[in-house]
Every structure is written in structure tokens, then in C-alpha cells.
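Everything below concerns the one structure shown next.
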Amino acid sequence: MKKCRRCSKPATLHITEIHQGNAVAIHLCETCAREYLEDESGQPSPNPAADLAAKLEALVADDDEESVVRCSNCGISFTEFREQGRLGCPVCYDEFREDLMPLLENIHEESLHIGKRPLRSPTQTKDQSRLIQLRNQQREAVEKEDYEAAAKLRDRILEIEATLRPNSED
Amino acid sequence: MTPDGENSSFNLTDLVQRSGRWLCASGPESDIVISTRIRLARNVVGFPFMSRADDDTKKQLVDTLRSTIQATEIGRNYQFLNVEELNELDRQLLVERQLISRELAQSSGPRGVMIGNSEQTSIMLNEEDHVRMQILNSGLALEESWAEIDVLDNALEERISFAFDETLGYLTACPTNVGTGIRVSVMLHLPGLRITREIQKVHQAAQKINLAVRGLYGEGSQAMGDFYQISNQVTLGCTESELLDSLAEVVPNILGYERRVRDLLCRDNKSQLDDQISRAMGVLTSARSISSEETMHLLSSVRLGVNLGMVPDIDIATVNELFIQTQPSHLQKISGGPLKTPERNEARAAFLQQRLKK
Ligand SMILES: [Zn+2]
Ligand SMILES: [Zn+2]
């Protein structure tokens, strides 16, 4: 449960304002919300983007300053992510998974995607490239006249091809 | 105007003379619901997000995405605009038309937008995410909008591998969009609830299921022109249909509040309401200089008047268009060049008179 930004009661109202092009989420309890909404002047948020920033800050607490963890793919450190609020690449989600999960649960109150999936799923994409590898190996095996290996590779290829047939769609 | 070759095929000067289909007020509930918008955030496998992308990478992304999209059946008719090369005024014009975000207008480096027929769909390239596609329809059109954007997404997905994780869904630069990457927004015109100071009912209705409320262009908490946008905040852990359902549940309640308040105003405060609407028309048709804020405020009363049958000879589509065409960049484009604020206010007054004269 999010806390009210003005007092610390549980927030029941979530408002998004835009300040200088930044979306700012404001979480308020029932009482403070009424005050806020009746305030015609609409006082600007003292700290834009405060919400995500606050959540990011909350992650710092038990961080070990010594070990700077970096994404092996894009090189961004978790500290840099915390400062910017933006990840460096899709692989960051894997690299920082453990650290990100509490944040995702805080933002979305859930941590498992149940929505749309690509028609061509990523496992399929991985299998596709695996197939290319296997076919190359099979060709090489045939060229070297290693028919036993080639037969094994052919069986493996048929297996993967079977799983890729598009009738297993849900 | 920029003397560039690339953007000349898409004439922005022509653009201001017409309006996007979403403004035509033909959709369901369009007396109160201006538009339904759905956007999807997607990123391309193998490329870093914007914060780690240099200009060469960004350029490569724009070029690849542009040619890939234009090679699809659905994307063939999309017009590409190189946002990096556009001048400030033209970028702002696209923001006012809701074709691009402020973020895309104001960021730097190679970036672009692809605009579909009738400005109903647009695909931003290199905004916060590599791909941000949106659909904008008139009125309350949740299911249709989803069906259309889903088709576009599928068409792109046949040729582009979007970054996707089995448990976290579509991967986005900001963790607030991860999962479905979807934002569904319904834009409402609620002058009745503002007049009767009952607008908190909207916030109350929205908060029950974690929806956000903000203004047309978002300036301040007092929504300009009495426009309120209701949209989902959460993107992970629920399906697209569940999100659509939550809006489909809340919006009719808000429409009910607004209609009830309008009925009450007509019953108990008819003469006061009539006075307010007539004054608004009076100022809009006779002012010599008028600010954007005052225009929005007065047009809101006129729009209410048209809906209540109290303003003859003007249709809702015209009022909808005026909200957009009297924005600063549109006005300057219509007037043929940059204008300072005082000149702009005079041009706005003249434009309104011309459009509203009987
Ligand atoms: Zn409070
Ligand atoms: Zn990374």
C-alpha cells in the first residue's frame, strides 16, 4: 500500500500531474486528497518525479558501496539506474532481476506478466537460432562423413521443429 | 520552415487546415468522451535503451524501424517525419495534435514519428522506448482501439523481435511500463462537474481501481478546458482486457455523474447557465485579443452549450477542432509564421471570430 505524501496514512487516491513535461504521480489519503482537490490554485509538486525517485531511493538502504554491479551487456550500474530511473538495455532486467523485483512489486503490486505474448515467443527465437546451429553442425558432419553424428543431429532438429509448429498456440 | 528534403513529402502546413479523425465527435458518448487512446511501448532485441544509445545507434534504430515498418502491408501508407530535423514550431504542432509526446519533441538525437492515415495511428521512434505506437479514436472506443493497435503490434512483430521476458513481459526502459507496456487513456470533457465543484467524484471513481486522472496537456491540477484524462497506471500483472474492463467500468459512472449534474443545472440554474454560455460566445466572437487559457475556458462553456442545445449553428466537431487549432503552434502555422504572444493573442481572436461567425 502506498503512503500519503502529505501525512503517512495509506494513500487511496492516485493523481498524475505533468510538470515541465514530467509525469508526476501524487499519492494522497482521503483527507489530504479532498484538500488537494479543493485547492483551486493547484499548488505545484515540490519535487517532480518524486514518486519513482522515492521508490528508487528506498532501494538503496542495504546496498554495499564496495561492489558496483554492472549490466554485462550495456554497462549501466544499478546506482546509475537508481539515479536516472531508466534501465540501460533489455538485458538489465536479467542482470538486476533480484534488485528490481521489490521495485516492480511496489509499482505494480504484482510481479508476473499475464498479458499479451509475442506470437513468435522468445523461446522460439532461441530455438530458431539453435536450429541454425544444429543444421550447420549436421552439414559439417555429413561433409566429414560422420553419419552417426549427423543422424543424432537430424533427430534433434526434428524434435525442435515439432515444438515450433504453430498449432501449440493458446 | 526547414528546407530539408526528407520531411517535405509530409506537408505540415496542410496538416493544420484539417483535423485528425479523433476530433470528429462521431464515436460513442462523444458529447462527453473526446477520445480513447491506447499506446504500446516496445523495444527491439539487441539494442540498448535510449540512456545507453549513442547517436549512431539511435540513427540505426530509426532507419531500420522506419524501413521495416514501411515494408509491412499495414505500415506502407505511414508517413515518416524526421523529428530531429523539424523546427521547434513544427515539433510543438505535432504535440498539440497529440501525434507525438512532449518527451519526443524535447529530447535530442535521431528520432522520428510515423503517422498513419487520418492521424488515427502514430508510431514514435526513439522516444523513451524504441517504439511507442498509439491509436486515437473518437469517443469511447476501448475494444475497437485495442483490436486495431493489437493488429498493428502483430504486424510489426512479424518482422521485429521485441524484447520480451517470460515472467516480466515486454521489457521497457522505465520499470513503470514493463509487462503489457500499455497505456489506455480516455479523455473526458466534464464542465458540469467542474461548475458544481464535484470533480472529486471523478478522482474517487478512478482511484478505486488504480486509475490516474490528469488534464488535456496536463498543465497544473486545474484541467484546462475541463478536460480530464483517465488512464491505467499499472502495466504488470494484469491482462490488456482486464485493464480495458477497468476503464469500461469506471467511465460510464463518470458519464452518469456528468449527465446528472447537467440535468440539474438545466433544471435549477438554467438562466445562470444560459448567461455563462452566452457570455462565453460573446467574448469568443468579439474579443480583439485572447489568451490560450481564456479560449480553452470559454470554449468549454460553449461546448457544454452545444451539447445542451443552447448554442445553435455550431457542431461539436467544430468546437473540438477549435480547442486544438487555437493552441499556440497551430495558430502560428495558420498565420504563416512565428508570432510573439501579443500578436498571437490577436491572431487567435481573429481566427475565432472567423470560425464562429454565423
Ligand atoms: Zn494524508
Ligand atoms: Zn543493460
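Quick note on naming: the chains in the C-alpha cells go A, B, ... in the order shown, residues restart at 1 in each chain, and ligands are numbered from 1 in order of appearance.
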
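All of the residues in chain B within 6 Å of chain A are Pro48, Phe49, Ser51, Arg52, Thr167, Leu168, Gly169, Leu171, Ala173, Cys174, Gly179, Thr180, Gln207, Ala212, Val213, Arg214, Gly218, Ser221, Val234, Leu236, Gly237, Cys238, Thr239 and Glu240 of chain B, where only C-alpha atoms were counted.
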
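The binding environment of ligand 1, defined as every protein, DNA or RNA residue with an atom no more than 7 Å away and counting only C-alpha atoms and all ligand atoms, comprises Cys4, Arg5, Arg6, Cys7, Ser8, Lys9, Ala11, Leu28, Cys29, Glu30, Thr31 and Cys32 of chain A.
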
* When distances are computed from only C-alpha atoms and all ligand atoms, which of A:Glu148, A:Glu83, A:Glu95, A:Glu143 shows the smallest separation from ligand 2? -> A:Glu95

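Compared by their closest atoms to ligand 2, and using only C-alpha atoms and all ligand atoms, the residues A:Lys3, A:Gln133, A:Ala151, A:Phe78 rank with A:Phe78 nearest.
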
* To do: Excluding range 295-307 of chain B and any residue of its chain fewer than 3 positions from it, enumerate the residues within 6 Å of it, using only C-alpha atoms, and give them as an MDAnalysis selection string.
  => chainID B and resid 225 277 280 292 310:311

* Hey, what's within 10 Å of range 113-123 of chain B if we count only C-alpha atoms and toss same-chain stuff fewer than 6 positions away? As an MDAnalysis selection string, please? -> chainID B and resid 10 15 18:22 37:41 62 65:66 69:70 74:83 94 97:100 104 130:138 145 148:149 152

Could you dump the residues just selected with N, CA and C atoms as a CSV table (one decimal), in the first residue's frame?
chain,number,residue,atom,x,y,z
B,10,PHE,N,5.6,15.2,-46.4
B,10,PHE,CA,4.5,15.4,-45.4
B,10,PHE,C,4.4,16.9,-45.1
B,15,LEU,N,-1.4,20.2,-42.9
B,15,LEU,CA,-1.9,19.4,-41.7
B,15,LEU,C,-2.9,20.3,-40.8
B,18,ARG,N,-6.7,20.8,-41.7
B,18,ARG,CA,-7.7,19.7,-41.4
B,18,ARG,C,-7.5,19.2,-40.0
B,19,SER,N,-8.3,18.3,-39.6
B,19,SER,CA,-8.1,17.8,-38.2
B,19,SER,C,-8.1,16.3,-38.2
B,20,GLY,N,-7.5,15.7,-37.2
B,20,GLY,CA,-7.5,14.3,-37.0
B,20,GLY,C,-8.9,13.7,-36.9
B,21,ARG,N,-9.0,12.5,-37.3
B,21,ARG,CA,-10.3,11.9,-37.3
B,21,ARG,C,-10.9,11.8,-35.8
B,22,TRP,N,-10.0,11.7,-34.9
B,22,TRP,CA,-10.4,11.5,-33.5
B,22,TRP,C,-11.2,12.7,-33.0
B,37,ARG,N,-7.5,6.6,-26.3
B,37,ARG,CA,-6.2,6.4,-26.8
B,37,ARG,C,-5.5,5.2,-26.2
B,38,ILE,N,-4.9,4.4,-27.0
B,38,ILE,CA,-4.1,3.3,-26.5
B,38,ILE,C,-2.7,3.4,-27.0
B,39,ARG,N,-1.7,3.3,-26.1
B,39,ARG,CA,-0.3,3.2,-26.7
B,39,ARG,C,0.4,2.0,-26.1
B,40,LEU,N,1.3,1.5,-26.9
B,40,LEU,CA,2.1,0.3,-26.5
B,40,LEU,C,3.5,0.7,-26.6
B,41,ALA,N,4.3,0.3,-25.6
B,41,ALA,CA,5.7,0.5,-25.6
B,41,ALA,C,6.4,-0.8,-25.9
B,62,VAL,N,16.3,4.1,-35.9
B,62,VAL,CA,15.3,4.9,-36.7
B,62,VAL,C,15.2,4.4,-38.1
B,65,LEU,N,13.9,0.7,-38.2
B,65,LEU,CA,12.5,0.6,-37.8
B,65,LEU,C,11.6,1.2,-39.0
B,66,ARG,N,12.1,2.3,-39.4
B,66,ARG,CA,11.3,3.0,-40.5
B,66,ARG,C,11.1,2.1,-41.7
B,69,ILE,N,9.0,-1.0,-40.9
B,69,ILE,CA,7.5,-0.7,-40.8
B,69,ILE,C,6.9,-0.4,-42.2
B,70,GLN,N,7.7,0.3,-43.0
B,70,GLN,CA,7.1,0.7,-44.3
B,70,GLN,C,7.1,-0.5,-45.2
B,74,ILE,N,0.6,-3.1,-43.5
B,74,ILE,CA,-0.2,-2.1,-42.7
B,74,ILE,C,0.6,-0.8,-42.7
B,75,GLY,N,1.9,-0.9,-42.7
B,75,GLY,CA,2.7,0.3,-42.5
B,75,GLY,C,3.1,1.0,-43.8
B,76,ARG,N,2.7,0.5,-44.9
B,76,ARG,CA,3.1,1.0,-46.2
B,76,ARG,C,2.7,2.5,-46.4
B,77,ASN,N,1.5,2.8,-45.8
B,77,ASN,CA,1.0,4.2,-46.0
B,77,ASN,C,1.4,5.1,-44.9
B,78,TYR,N,2.2,4.7,-44.0
B,78,TYR,CA,2.6,5.6,-42.9
B,78,TYR,C,3.6,6.6,-43.4
B,79,GLN,N,3.4,7.8,-43.0
B,79,GLN,CA,4.4,8.9,-43.4
B,79,GLN,C,5.4,9.1,-42.3
B,80,PHE,N,6.7,9.1,-42.7
B,80,PHE,CA,7.7,9.3,-41.8
B,80,PHE,C,8.1,10.8,-41.6
B,81,LEU,N,8.2,11.2,-40.4
B,81,LEU,CA,8.7,12.6,-40.1
B,81,LEU,C,10.0,12.5,-39.3
B,82,ASN,N,11.0,13.1,-39.8
B,82,ASN,CA,12.3,13.1,-39.0
B,82,ASN,C,12.2,14.2,-38.0
B,83,VAL,N,11.9,13.9,-36.7
B,83,VAL,CA,11.6,14.8,-35.7
B,83,VAL,C,12.9,15.6,-35.3
B,94,LEU,N,3.0,19.0,-33.6
B,94,LEU,CA,2.7,17.6,-33.5
B,94,LEU,C,2.3,17.2,-32.1
B,97,ARG,N,-1.3,18.3,-31.7
B,97,ARG,CA,-2.2,17.3,-32.4
B,97,ARG,C,-2.2,16.0,-31.7
B,98,GLN,N,-1.5,15.8,-30.6
B,98,GLN,CA,-1.4,14.5,-29.9
B,98,GLN,C,-0.8,13.4,-30.8
B,99,LEU,N,0.0,13.8,-31.8
B,99,LEU,CA,0.7,12.8,-32.6
B,99,LEU,C,2.0,12.3,-32.0
B,100,ILE,N,2.7,13.2,-31.3
B,100,ILE,CA,3.9,12.9,-30.6
B,100,ILE,C,3.8,13.4,-29.1
B,104,LEU,N,9.3,13.3,-26.8
B,104,LEU,CA,9.9,13.1,-28.1
B,104,LEU,C,10.2,14.5,-28.7
B,130,HIS,N,12.1,2.3,-27.8
B,130,HIS,CA,12.4,2.4,-29.2
B,130,HIS,C,11.1,2.6,-30.0
B,131,VAL,N,10.1,1.9,-29.6
B,131,VAL,CA,8.8,2.0,-30.4
B,131,VAL,C,7.7,2.4,-29.4
B,132,ARG,N,7.0,3.4,-29.7
B,132,ARG,CA,5.8,3.8,-28.9
B,132,ARG,C,4.7,4.0,-30.0
B,133,MET,N,3.8,2.9,-30.1
B,133,MET,CA,2.7,3.1,-31.1
B,133,MET,C,1.4,3.5,-30.4
B,134,GLN,N,0.7,4.3,-31.0
B,134,GLN,CA,-0.6,4.7,-30.4
B,134,GLN,C,-1.7,4.8,-31.4
B,135,ILE,N,-2.9,4.5,-30.9
B,135,ILE,CA,-4.1,4.7,-31.7
B,135,ILE,C,-5.0,5.7,-30.9
B,136,LEU,N,-5.7,6.6,-31.7
B,136,LEU,CA,-6.5,7.6,-31.2
B,136,LEU,C,-7.8,7.6,-31.9
B,137,ASN,N,-8.9,7.3,-31.2
B,137,ASN,CA,-10.2,7.2,-31.8
B,137,ASN,C,-11.2,8.2,-31.1
B,138,SER,N,-12.2,8.6,-31.9
B,138,SER,CA,-13.2,9.5,-31.3
B,138,SER,C,-14.1,8.7,-30.4
B,145,SER,N,-10.3,0.1,-30.3
B,145,SER,CA,-9.0,0.7,-30.3
B,145,SER,C,-8.0,-0.4,-30.0
B,148,GLU,N,-7.5,-2.7,-33.0
B,148,GLU,CA,-6.7,-2.1,-34.0
B,148,GLU,C,-5.2,-2.0,-33.7
B,149,ILE,N,-4.9,-1.6,-32.4
B,149,ILE,CA,-3.5,-1.5,-32.1
B,149,ILE,C,-2.8,-2.9,-32.0
B,152,LEU,N,-1.8,-3.9,-35.4
B,152,LEU,CA,-0.6,-3.2,-35.8
B,152,LEU,C,0.7,-3.8,-35.1
